[in-house]
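Have a look at final.pdb below; it lists PDB, C-alpha atoms, pLDDT in the B column.
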```pdb
ATOM      1  CA  MET A1324     -44.863 -18.906 -32.773  1.00 48.00           C
ATOM      2  CA  ASP A1325     -43.567 -17.345 -35.954  1.00 52.00           C
ATOM      3  CA  ILE A1326     -46.339 -17.961 -38.465  1.00 51.00           C
ATOM      4  CA  TYR A1327     -44.480 -16.299 -41.319  1.00 49.00           C
ATOM      5  CA  GLN A1328     -41.180 -18.213 -41.392  1.00 49.00           C
ATOM      6  CA  THR A1329     -39.446 -18.555 -44.771  1.00 55.00           C
ATOM      7  CA  GLU A1330     -42.438 -18.056 -47.092  1.00 61.00           C
ATOM      8  CA  GLU A1331     -42.619 -14.418 -45.918  1.00 61.00           C
ATOM      9  CA  GLN A1332     -39.605 -13.760 -48.129  1.00 57.00           C
ATOM     10  CA  GLN A1333     -41.531 -15.109 -51.138  1.00 58.00           C
ATOM     11  CA  VAL A1334     -44.462 -12.766 -50.663  1.00 59.00           C
ATOM     12  CA  ASP A1335     -42.196  -9.777 -49.960  1.00 61.00           C
ATOM     13  CA  ALA A1336     -40.342 -10.508 -53.194  1.00 60.00           C
ATOM     14  CA  ILE A1337     -43.614 -10.626 -55.145  1.00 58.00           C
ATOM     15  CA  LYS A1338     -44.821  -7.374 -53.568  1.00 57.00           C
ATOM     16  CA  LYS A1339     -41.517  -5.633 -54.288  1.00 59.00           C
ATOM     17  CA  TYR A1340     -41.495  -6.925 -57.871  1.00 55.00           C
ATOM     18  CA  TRP A1341     -44.979  -5.612 -58.574  1.00 53.00           C
ATOM     19  CA  LYS A1342     -44.270  -2.330 -56.838  1.00 58.00           C
ATOM     20  CA  ASP A1343     -41.137  -1.811 -58.939  1.00 59.00           C
ATOM     21  CA  ASN A1344     -42.332  -3.275 -62.225  1.00 56.00           C
ATOM     22  CA  GLY A1345     -46.109  -3.663 -62.207  1.00 54.00           C
ATOM     23  CA  THR A1346     -46.953  -0.448 -64.017  1.00 52.00           C
ATOM     24  CA  ALA A1347     -44.207  -0.945 -66.587  1.00 52.00           C
ATOM     25  CA  ILE A1348     -45.316  -4.521 -67.291  1.00 47.00           C
ATOM     26  CA  ILE A1349     -48.939  -3.524 -67.755  1.00 47.00           C
ATOM     27  CA  ALA A1350     -47.964  -0.608 -69.988  1.00 49.00           C
ATOM     28  CA  GLY A1351     -45.647  -2.832 -72.016  1.00 53.00           C
ATOM     29  CA  LEU A1352     -48.367  -5.397 -72.549  1.00 45.00           C
ATOM     30  CA  PHE A1353     -50.738  -2.667 -73.619  1.00 44.00           C
ATOM     31  CA  ILE A1354     -48.310  -1.300 -76.192  1.00 45.00           C
ATOM     32  CA  GLY A1355     -47.532  -4.780 -77.521  1.00 48.00           C
ATOM     33  CA  PHE A1356     -51.145  -5.828 -77.866  1.00 46.00           C
ATOM     34  CA  GLY A1357     -52.059  -2.415 -79.226  1.00 44.00           C
ATOM     35  CA  SER A1358     -49.658  -2.711 -82.124  1.00 43.00           C
ATOM     36  CA  PHE A1359     -50.729  -6.288 -82.814  1.00 41.00           C
ATOM     37  CA  ILE A1360     -54.494  -6.069 -82.550  1.00 42.00           C
ATOM     38  CA  GLY A1361     -55.071  -2.523 -83.616  1.00 44.00           C
ATOM     39  CA  TYR A1362     -56.497   0.779 -82.605  1.00 41.00           C
ATOM     40  CA  ASN A1363     -59.733  -0.510 -81.102  1.00 45.00           C
ATOM     41  CA  LEU A1364     -57.914  -1.918 -78.088  1.00 43.00           C
ATOM     42  CA  TYR A1365     -56.842   1.598 -77.186  1.00 40.00           C
ATOM     43  CA  LYS A1366     -60.465   2.415 -76.556  1.00 42.00           C
ATOM     44  CA  ASP A1367     -60.706  -0.258 -73.907  1.00 46.00           C
ATOM     45  CA  ASN A1368     -60.542   1.198 -70.417  1.00 47.00           C
ATOM     46  CA  GLN A1369     -59.009  -1.954 -68.933  1.00 46.00           C
ATOM     47  CA  LEU A1370     -55.491  -0.525 -69.025  1.00 45.00           C
ATOM     48  CA  GLU A1371     -56.611   2.630 -67.281  1.00 47.00           C
ATOM     49  CA  GLN A1372     -58.273   0.584 -64.571  1.00 51.00           C
ATOM     50  CA  GLU A1373     -55.220  -1.637 -64.108  1.00 52.00           C
ATOM     51  CA  LEU A1374     -52.896   1.338 -63.831  1.00 50.00           C
ATOM     52  CA  ALA A1375     -55.212   3.016 -61.335  1.00 53.00           C
ATOM     53  CA  THR A1376     -55.354  -0.158 -59.256  1.00 54.00           C
ATOM     54  CA  SER A1377     -51.561  -0.468 -59.333  1.00 52.00           C
ATOM     55  CA  GLU A1378     -51.117   3.114 -58.182  1.00 54.00           C
ATOM     56  CA  ALA A1379     -53.735   2.697 -55.436  1.00 56.00           C
ATOM     57  CA  TYR A1380     -51.992  -0.438 -54.210  1.00 55.00           C
ATOM     58  CA  GLN A1381     -48.642   1.329 -54.054  1.00 59.00           C
ATOM     59  CA  LEU A1382     -50.202   4.079 -51.930  1.00 57.00           C
ATOM     60  CA  VAL A1383     -51.553   1.464 -49.520  1.00 59.00           C
ATOM     61  CA  VAL A1384     -48.153  -0.270 -49.309  1.00 59.00           C
ATOM     62  CA  GLU A1385     -46.356   3.004 -48.700  1.00 58.00           C
ATOM     63  CA  SER A1386     -48.672   3.764 -45.768  1.00 57.00           C
ATOM     64  CA  ALA A1387     -47.748   0.493 -44.002  1.00 57.00           C
ATOM     65  CA  GLY A1388     -46.095   1.057 -40.639  1.00 58.00           C
ATOM     66  CA  LYS A1389     -46.719   4.792 -40.757  1.00 58.00           C
ATOM     67  CA  GLU A1390     -50.393   5.231 -40.014  1.00 54.00           C
ATOM     68  CA  GLY A1391     -51.329   2.542 -37.488  1.00 61.00           C
ATOM     69  CA  ASP A1392     -54.999   1.591 -37.645  1.00 69.00           C
ATOM     70  CA  ALA A1393     -55.452   3.913 -40.603  1.00 76.00           C
ATOM     71  CA  TYR A1394     -53.382   1.480 -42.670  1.00 77.00           C
ATOM     72  CA  THR A1395     -55.800  -1.344 -41.881  1.00 82.00           C
ATOM     73  CA  LYS A1396     -58.755   0.810 -42.886  1.00 83.00           C
ATOM     74  CA  LYS A1397     -57.034   1.833 -46.111  1.00 82.00           C
ATOM     75  CA  GLY A1398     -56.271  -1.786 -46.870  1.00 82.00           C
ATOM     76  CA  GLU A1399     -59.832  -2.936 -46.228  1.00 86.00           C
ATOM     77  CA  THR A1400     -61.167  -0.153 -48.429  1.00 85.00           C
ATOM     78  CA  PHE A1401     -58.752  -1.112 -51.199  1.00 81.00           C
ATOM     79  CA  ILE A1402     -59.847  -4.761 -51.044  1.00 83.00           C
ATOM     80  CA  ALA A1403     -63.514  -3.780 -51.108  1.00 89.00           C
ATOM     81  CA  GLU A1404     -62.965  -1.586 -54.167  1.00 84.00           C
ATOM     82  CA  ASN A1405     -60.607  -3.927 -56.031  1.00 79.00           C
ATOM     83  CA  GLY A1406     -61.866  -7.373 -55.110  1.00 73.00           C
ATOM     84  CA  ASP A1407     -61.019  -9.004 -58.440  1.00 75.00           C
ATOM     85  CA  SER A1408     -57.455  -7.736 -58.520  1.00 76.00           C
ATOM     86  CA  SER A1409     -54.414  -9.822 -57.540  1.00 80.00           C
ATOM     87  CA  TYR A1410     -53.346  -6.786 -55.528  1.00 79.00           C
ATOM     88  CA  SER A1411     -56.227  -7.513 -53.148  1.00 84.00           C
ATOM     89  CA  THR A1412     -54.607 -10.813 -52.215  1.00 85.00           C
ATOM     90  CA  LEU A1413     -51.282  -9.135 -51.461  1.00 84.00           C
ATOM     91  CA  THR A1414     -53.056  -6.449 -49.457  1.00 83.00           C
ATOM     92  CA  ALA A1415     -54.898  -9.064 -47.392  1.00 87.00           C
ATOM     93  CA  LEU A1416     -51.601 -10.841 -46.669  1.00 86.00           C
ATOM     94  CA  SER A1417     -50.042  -7.561 -45.600  1.00 84.00           C
ATOM     95  CA  LEU A1418     -52.961  -6.797 -43.292  1.00 86.00           C
ATOM     96  CA  ALA A1419     -52.665 -10.285 -41.809  1.00 87.00           C
ATOM     97  CA  LYS A1420     -48.989  -9.650 -41.116  1.00 85.00           C
ATOM     98  CA  LYS A1421     -49.803  -6.385 -39.337  1.00 84.00           C
ATOM     99  CA  ALA A1422     -52.484  -8.086 -37.228  1.00 86.00           C
ATOM    100  CA  ALA A1423     -49.994 -10.827 -36.336  1.00 87.00           C
ATOM    101  CA  SER A1424     -47.514  -8.235 -35.116  1.00 83.00           C
ATOM    102  CA  ASP A1425     -50.301  -6.995 -32.813  1.00 85.00           C
ATOM    103  CA  LYS A1426     -51.075 -10.618 -31.808  1.00 88.00           C
ATOM    104  CA  ASP A1427     -54.642 -10.082 -32.963  1.00 90.00           C
ATOM    105  CA  TRP A1428     -55.159 -13.669 -34.142  1.00 90.00           C
ATOM    106  CA  PRO A1429     -58.871 -13.403 -35.084  1.00 91.00           C
ATOM    107  CA  GLN A1430     -57.973 -10.510 -37.386  1.00 91.00           C
ATOM    108  CA  VAL A1431     -55.072 -12.470 -38.823  1.00 91.00           C
ATOM    109  CA  GLU A1432     -57.447 -15.339 -39.574  1.00 93.00           C
ATOM    110  CA  LYS A1433     -59.959 -12.973 -41.160  1.00 93.00           C
ATOM    111  CA  PHE A1434     -57.444 -11.480 -43.590  1.00 91.00           C
ATOM    112  CA  LEU A1435     -55.872 -14.822 -44.461  1.00 92.00           C
ATOM    113  CA  VAL A1436     -59.299 -16.203 -45.361  1.00 94.00           C
ATOM    114  CA  ILE A1437     -59.769 -13.194 -47.647  1.00 92.00           C
ATOM    115  CA  ALA A1438     -56.357 -13.782 -49.220  1.00 90.00           C
ATOM    116  CA  ILE A1439     -57.188 -17.432 -49.901  1.00 92.00           C
ATOM    117  CA  GLU A1440     -60.566 -16.590 -51.402  1.00 91.00           C
ATOM    118  CA  LYS A1441     -59.112 -13.975 -53.727  1.00 88.00           C
ATOM    119  CA  ALA A1442     -55.869 -15.731 -54.663  1.00 87.00           C
ATOM    120  CA  SER A1443     -55.690 -16.603 -58.348  1.00 85.00           C
ATOM    121  CA  GLU A1444     -52.150 -18.019 -58.133  1.00 86.00           C
ATOM    122  CA  ALA A1445     -51.740 -21.456 -56.545  1.00 89.00           C
ATOM    123  CA  GLY A1446     -48.469 -20.578 -54.820  1.00 89.00           C
ATOM    124  CA  ILE A1447     -49.892 -17.553 -53.039  1.00 87.00           C
ATOM    125  CA  LYS A1448     -52.979 -19.542 -52.070  1.00 90.00           C
ATOM    126  CA  GLY A1449     -50.726 -22.221 -50.625  1.00 91.00           C
ATOM    127  CA  ILE A1450     -48.753 -19.738 -48.546  1.00 90.00           C
ATOM    128  CA  ALA A1451     -51.923 -18.150 -47.177  1.00 91.00           C
ATOM    129  CA  THR A1452     -53.426 -21.564 -46.408  1.00 94.00           C
ATOM    130  CA  LEU A1453     -50.396 -22.660 -44.411  1.00 92.00           C
ATOM    131  CA  ARG A1454     -50.382 -19.396 -42.489  1.00 92.00           C
ATOM    132  CA  LEU A1455     -54.072 -19.770 -41.709  1.00 93.00           C
ATOM    133  CA  ALA A1456     -53.556 -23.284 -40.360  1.00 94.00           C
ATOM    134  CA  ARG A1457     -50.697 -22.086 -38.135  1.00 93.00           C
ATOM    135  CA  VAL A1458     -52.833 -19.266 -36.790  1.00 93.00           C
ATOM    136  CA  GLN A1459     -55.628 -21.705 -36.039  1.00 94.00           C
ATOM    137  CA  ILE A1460     -53.151 -23.921 -34.196  1.00 94.00           C
ATOM    138  CA  GLN A1461     -52.006 -20.825 -32.302  1.00 89.00           C
ATOM    139  CA  GLN A1462     -55.601 -20.402 -31.167  1.00 91.00           C
ATOM    140  CA  GLU A1463     -55.858 -24.124 -30.333  1.00 93.00           C
ATOM    141  CA  GLN A1464     -58.412 -24.631 -33.092  1.00 95.00           C
ATOM    142  CA  PHE A1465     -56.809 -27.919 -34.030  1.00 95.00           C
ATOM    143  CA  GLU A1466     -59.635 -29.570 -35.937  1.00 95.00           C
ATOM    144  CA  LYS A1467     -60.207 -26.366 -37.850  1.00 95.00           C
ATOM    145  CA  ALA A1468     -56.502 -26.240 -38.732  1.00 96.00           C
ATOM    146  CA  LEU A1469     -56.538 -29.834 -39.990  1.00 96.00           C
ATOM    147  CA  LYS A1470     -59.558 -29.029 -42.140  1.00 96.00           C
ATOM    148  CA  THR A1471     -57.701 -26.034 -43.578  1.00 96.00           C
ATOM    149  CA  LEU A1472     -54.706 -28.259 -44.345  1.00 96.00           C
ATOM    150  CA  ALA A1473     -56.986 -30.657 -46.251  1.00 95.00           C
ATOM    151  CA  THR A1474     -57.312 -28.000 -48.966  1.00 92.00           C
ATOM    152  CA  PRO A1475     -55.742 -29.268 -52.220  1.00 92.00           C
ATOM    153  CA  LEU A1476     -52.402 -27.500 -52.740  1.00 92.00           C
ATOM    154  CA  PRO A1477     -49.478 -27.922 -55.166  1.00 91.00           C
ATOM    155  CA  ASP A1478     -47.124 -30.834 -54.451  1.00 91.00           C
ATOM    156  CA  SER A1479     -44.395 -28.372 -53.479  1.00 90.00           C
ATOM    157  CA  PHE A1480     -46.367 -27.650 -50.279  1.00 91.00           C
ATOM    158  CA  LYS A1481     -46.663 -31.296 -49.184  1.00 92.00           C
ATOM    159  CA  ALA A1482     -43.748 -31.195 -46.725  1.00 90.00           C
ATOM    160  CA  ALA A1483     -44.931 -27.970 -45.087  1.00 91.00           C
ATOM    161  CA  VAL A1484     -48.502 -29.263 -44.867  1.00 94.00           C
ATOM    162  CA  GLU A1485     -47.400 -32.507 -43.212  1.00 94.00           C
ATOM    163  CA  GLU A1486     -45.150 -30.681 -40.761  1.00 92.00           C
ATOM    164  CA  THR A1487     -47.984 -28.350 -39.797  1.00 94.00           C
ATOM    165  CA  LYS A1488     -50.308 -31.326 -39.358  1.00 95.00           C
ATOM    166  CA  GLY A1489     -47.684 -32.814 -37.069  1.00 94.00           C
ATOM    167  CA  ASP A1490     -47.651 -29.634 -35.000  1.00 94.00           C
ATOM    168  CA  ALA A1491     -51.433 -29.780 -34.622  1.00 95.00           C
ATOM    169  CA  PHE A1492     -51.355 -33.431 -33.561  1.00 95.00           C
ATOM    170  CA  MET A1493     -48.460 -32.841 -31.181  1.00 92.00           C
ATOM    171  CA  LYS A1494     -50.265 -30.055 -29.359  1.00 92.00           C
ATOM    172  CA  GLN A1495     -53.228 -32.394 -28.907  1.00 93.00           C
ATOM    173  CA  GLY A1496     -51.017 -35.091 -27.449  1.00 91.00           C
ATOM    174  CA  LYS A1497     -51.602 -37.378 -30.446  1.00 93.00           C
ATOM    175  CA  THR A1498     -47.989 -38.479 -30.682  1.00 91.00           C
ATOM    176  CA  GLU A1499     -48.449 -41.355 -33.122  1.00 93.00           C
ATOM    177  CA  LEU A1500     -50.288 -39.165 -35.615  1.00 94.00           C
ATOM    178  CA  ALA A1501     -47.674 -36.450 -35.101  1.00 93.00           C
ATOM    179  CA  ARG A1502     -44.865 -38.936 -35.735  1.00 92.00           C
ATOM    180  CA  SER A1503     -46.490 -40.105 -38.970  1.00 94.00           C
ATOM    181  CA  ALA A1504     -46.973 -36.542 -40.167  1.00 94.00           C
ATOM    182  CA  TYR A1505     -43.391 -35.494 -39.398  1.00 91.00           C
ATOM    183  CA  GLN A1506     -42.077 -38.623 -41.115  1.00 92.00           C
ATOM    184  CA  ALA A1507     -44.200 -37.821 -44.177  1.00 93.00           C
ATOM    185  CA  ALA A1508     -42.764 -34.293 -44.186  1.00 90.00           C
ATOM    186  CA  ILE A1509     -39.207 -35.658 -44.111  1.00 89.00           C
ATOM    187  CA  GLU A1510     -39.964 -38.105 -46.916  1.00 90.00           C
ATOM    188  CA  ALA A1511     -41.492 -35.319 -49.017  1.00 88.00           C
ATOM    189  CA  GLN A1512     -38.361 -33.210 -48.560  1.00 85.00           C
ATOM    190  CA  GLY A1513     -36.009 -36.060 -49.357  1.00 81.00           C
ATOM    191  CA  GLU A1514     -32.312 -35.491 -48.756  1.00 76.00           C
ATOM    192  CA  GLY A1515     -32.979 -31.824 -48.145  1.00 70.00           C
ATOM    193  CA  ALA A1516     -35.216 -32.477 -45.154  1.00 70.00           C
ATOM    194  CA  SER A1517     -35.039 -29.567 -42.734  1.00 75.00           C
ATOM    195  CA  ARG A1518     -33.269 -29.888 -39.414  1.00 83.00           C
ATOM    196  CA  ALA A1519     -36.351 -28.485 -37.666  1.00 84.00           C
ATOM    197  CA  VAL A1520     -38.603 -31.367 -38.727  1.00 84.00           C
ATOM    198  CA  LYS A1521     -35.941 -33.935 -37.855  1.00 83.00           C
ATOM    199  CA  MET A1522     -35.643 -32.396 -34.402  1.00 87.00           C
ATOM    200  CA  LYS A1523     -39.404 -32.571 -33.886  1.00 87.00           C
ATOM    201  CA  LEU A1524     -39.358 -36.252 -34.805  1.00 83.00           C
ATOM    202  CA  SER A1525     -36.391 -36.823 -32.519  1.00 83.00           C
ATOM    203  CA  ASP A1526     -38.157 -35.066 -29.645  1.00 80.00           C
ATOM    204  CA  LEU A1527     -41.134 -37.407 -30.089  1.00 79.00           C
ATOM    205  CA  ALA A1528     -38.792 -40.397 -29.815  1.00 69.00           C
ATOM    206  CA  GLU A1529     -37.333 -39.009 -26.576  1.00 65.00           C
ATOM    207  CA  VAL A1530     -40.807 -38.500 -25.123  1.00 57.00           C
ATOM    208  CA  ALA A1531     -41.680 -42.106 -25.994  1.00 52.00           C
ATOM    209  CA  ASN A1532     -38.496 -43.351 -24.277  1.00 51.00           C
ATOM    210  CA  ILE A1533     -39.272 -41.382 -21.130  1.00 44.00           C
ATOM    211  CA  LYS A1534     -42.707 -42.949 -20.968  1.00 48.00           C
TER     212      LYS A1534
END
```
Write out the structure in this file as structure tokens.
Amino acid sequence: MDIYQTEEQQVDAIKKYWKDNGTAIIAGLFIGFGSFIGYNLYKDNQLEQELATSEAYQLVVESAGKEGDAYTKKGETFIAENGDSSYSTLTALSLAKKAASDKDWPQVEKFLVIAIEKASEAGIKGIATLRLARVQIQQEQFEKALKTLATPLPDSFKAAVEETKGDAFMKQGKTELARSAYQAAIEAQGEGASRAVKMKLSDLAEVANIK
């Protein structure tokens, strides 16, 4: 099962944006606030810390796919040292992706939990939450997945949450609950309802007819 699907593109775009522009944005903010507030802000070491964190994150990203297990260790060290930074969330998501490529589902779950705990942006938290639920379904931890999906998320995630609930119910043989969840996903998507969800609902109807 592909647990990354379309939202992977969203996270990759965020990572690329920060890699390309993060330092410049932070520096620009510093200059702007410096001229507005005055000289005392220049004494604050916050900018220096932010720039150092940004550079450290870029080094971790650049090591991805090149150093095997060493990348995971670098990532874990970065998270431990920069726990309050938004970069820690992105690093945890990246480590989860690597673990998924190795089919190490417990590790995937571990890093997704970290990403959720450290996420300060609702969209990123939503993406990590959905991924975690899918991993839990992959491990047949259905009740755990449903509990994860009960986490309050932005309305934009309603369709994906309902579809994932449907997947959990379907794998448990709870066809009526699955049907309700898939229908809710289609209703949440409106006219733009995905073909995949419609097919899942259609498959349930065929199973019912066979019975």
Explicit residues for the PyMOL selection byres ((chain A and resi 1406) around 12) (as a list in words)
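Checking the PyMOL selection byres ((chain A and resi 1406) around 12) against this file, the residues are Thr1376, Gly1398, Glu1399, Thr1400, Phe1401, Ile1402, Ala1403, Glu1404, Asn1405, Asp1407, Ser1408, Ser1409, Tyr1410, Ser1411, Thr1412, Leu1413, Thr1414, Ala1415, Ile1437, Ala1438, Glu1440, Lys1441, Ala1442 and Ser1443 of chain A.
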Selected residue, from A:Lys1523, A:Arg1502, A:Arg1518, A:Lys1488, that lies nearest to A:Lys1467 when counting only C-alpha atoms
A:Lys1488
Which is closer to A:Leu1524 than all the others in A:Ser1424, A:Ser1417, A:Thr1395, A:Ser1503, using all atoms listed in the file?
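The shortest atom-to-atom distance to A:Leu1524 comes from A:Ser1503.
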Selection near A:Lys1494, 12 Å with only C-alpha atoms, sequence-local residues under 5 positions removed, as a list in words:
Arg1457, Gln1459, Ile1460, Gln1461, Gln1462, Glu1463, Gln1464, Phe1465, Glu1466, Ala1468, Thr1487, Lys1488, Gly1489, Leu1500, Ala1501 and Leu1527 of chain A
Pick from A:Glu1499, A:Glu1510, A:Asp1478, A:Glu1485 nearest to A:Ala1445, counting all atoms listed in the file:
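With all atoms listed in the file as the atom set, the closest residue is A:Asp1478.
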Could you tell me how far atom CA of A:Val1431 sits from atom CA of A:Leu1418, in Å to one decimal place?
7.5 Å
As an mmCIF file, keeping the file's coordinate frame, please: stretch 1462-1487 of chain A completed to N, CA and C atoms.
```cif
data_model
loop_
_atom_site.group_PDB
_atom_site.id
_atom_site.type_symbol
_atom_site.label_atom_id
_atom_site.label_comp_id
_atom_site.auth_asym_id
_atom_site.auth_seq_id
_atom_site.Cartn_x
_atom_site.Cartn_y
_atom_site.Cartn_z
ATOM 1 N N GLN A 1462 -54.381 -20.621 -31.947
ATOM 2 C CA GLN A 1462 -55.601 -20.402 -31.167
ATOM 3 C C GLN A 1462 -56.193 -21.714 -30.633
ATOM 4 N N GLU A 1463 -55.440 -22.795 -30.790
ATOM 5 C CA GLU A 1463 -55.858 -24.124 -30.333
ATOM 6 C C GLU A 1463 -57.125 -24.604 -31.034
ATOM 7 N N GLN A 1464 -57.297 -24.165 -32.263
ATOM 8 C CA GLN A 1464 -58.412 -24.631 -33.092
ATOM 9 C C GLN A 1464 -57.880 -25.763 -33.978
ATOM 10 N N PHE A 1465 -57.548 -26.858 -33.351
ATOM 11 C CA PHE A 1465 -56.809 -27.919 -34.030
ATOM 12 C C PHE A 1465 -57.598 -28.593 -35.156
ATOM 13 N N GLU A 1466 -58.833 -28.918 -34.896
ATOM 14 C CA GLU A 1466 -59.635 -29.570 -35.937
ATOM 15 C C GLU A 1466 -59.857 -28.626 -37.114
ATOM 16 N N LYS A 1467 -60.027 -27.368 -36.804
ATOM 17 C CA LYS A 1467 -60.207 -26.366 -37.850
ATOM 18 C C LYS A 1467 -58.934 -26.268 -38.694
ATOM 19 N N ALA A 1468 -57.785 -26.307 -38.024
ATOM 20 C CA ALA A 1468 -56.502 -26.240 -38.732
ATOM 21 C C ALA A 1468 -56.328 -27.446 -39.651
ATOM 22 N N LEU A 1469 -56.672 -28.627 -39.174
ATOM 23 C CA LEU A 1469 -56.538 -29.834 -39.990
ATOM 24 C C LEU A 1469 -57.468 -29.789 -41.201
ATOM 25 N N LYS A 1470 -58.639 -29.196 -41.010
ATOM 26 C CA LYS A 1470 -59.558 -29.029 -42.140
ATOM 27 C C LYS A 1470 -58.969 -28.063 -43.158
ATOM 28 N N THR A 1471 -58.348 -26.993 -42.678
ATOM 29 C CA THR A 1471 -57.701 -26.034 -43.578
ATOM 30 C C THR A 1471 -56.595 -26.723 -44.373
ATOM 31 N N LEU A 1472 -55.825 -27.573 -43.701
ATOM 32 C CA LEU A 1472 -54.706 -28.259 -44.345
ATOM 33 C C LEU A 1472 -55.165 -29.332 -45.334
ATOM 34 N N ALA A 1473 -56.444 -29.684 -45.300
ATOM 35 C CA ALA A 1473 -56.986 -30.657 -46.251
ATOM 36 C C ALA A 1473 -57.263 -30.012 -47.608
ATOM 37 N N THR A 1474 -57.112 -28.703 -47.699
ATOM 38 C CA THR A 1474 -57.312 -28.000 -48.966
ATOM 39 C C THR A 1474 -56.280 -28.469 -49.993
ATOM 40 N N PRO A 1475 -56.699 -28.836 -51.198
ATOM 41 C CA PRO A 1475 -55.742 -29.268 -52.220
ATOM 42 C C PRO A 1475 -54.752 -28.151 -52.551
ATOM 43 N N LEU A 1476 -53.460 -28.462 -52.444
ATOM 44 C CA LEU A 1476 -52.402 -27.500 -52.740
ATOM 45 C C LEU A 1476 -51.373 -28.147 -53.658
ATOM 46 N N PRO A 1477 -50.524 -27.353 -54.310
ATOM 47 C CA PRO A 1477 -49.478 -27.922 -55.166
ATOM 48 C C PRO A 1477 -48.574 -28.878 -54.389
ATOM 49 N N ASP A 1478 -47.987 -29.838 -55.089
ATOM 50 C CA ASP A 1478 -47.124 -30.834 -54.451
ATOM 51 C C ASP A 1478 -45.959 -30.204 -53.692
ATOM 52 N N SER A 1479 -45.531 -29.032 -54.130
ATOM 53 C CA SER A 1479 -44.395 -28.372 -53.479
ATOM 54 C C SER A 1479 -44.694 -27.990 -52.028
ATOM 55 N N PHE A 1480 -45.981 -28.005 -51.645
ATOM 56 C CA PHE A 1480 -46.367 -27.650 -50.279
ATOM 57 C C PHE A 1480 -46.552 -28.882 -49.389
ATOM 58 N N LYS A 1481 -46.368 -30.071 -49.944
ATOM 59 C CA LYS A 1481 -46.663 -31.296 -49.184
ATOM 60 C C LYS A 1481 -45.872 -31.371 -47.879
ATOM 61 N N ALA A 1482 -44.577 -31.092 -47.931
ATOM 62 C CA ALA A 1482 -43.748 -31.195 -46.725
ATOM 63 C C ALA A 1482 -44.215 -30.218 -45.655
ATOM 64 N N ALA A 1483 -44.493 -28.981 -46.046
ATOM 65 C CA ALA A 1483 -44.931 -27.970 -45.087
ATOM 66 C C ALA A 1483 -46.293 -28.327 -44.503
ATOM 67 N N VAL A 1484 -47.175 -28.857 -45.342
ATOM 68 C CA VAL A 1484 -48.502 -29.263 -44.867
ATOM 69 C C VAL A 1484 -48.378 -30.376 -43.845
ATOM 70 N N GLU A 1485 -47.558 -31.382 -44.138
ATOM 71 C CA GLU A 1485 -47.400 -32.507 -43.212
ATOM 72 C C GLU A 1485 -46.755 -32.060 -41.899
ATOM 73 N N GLU A 1486 -45.782 -31.183 -41.989
ATOM 74 C CA GLU A 1486 -45.150 -30.681 -40.761
ATOM 75 C C GLU A 1486 -46.159 -29.929 -39.899
ATOM 76 N N THR A 1487 -46.985 -29.116 -40.546
ATOM 77 C CA THR A 1487 -47.984 -28.350 -39.797
ATOM 78 C C THR A 1487 -49.043 -29.270 -39.198
#
```
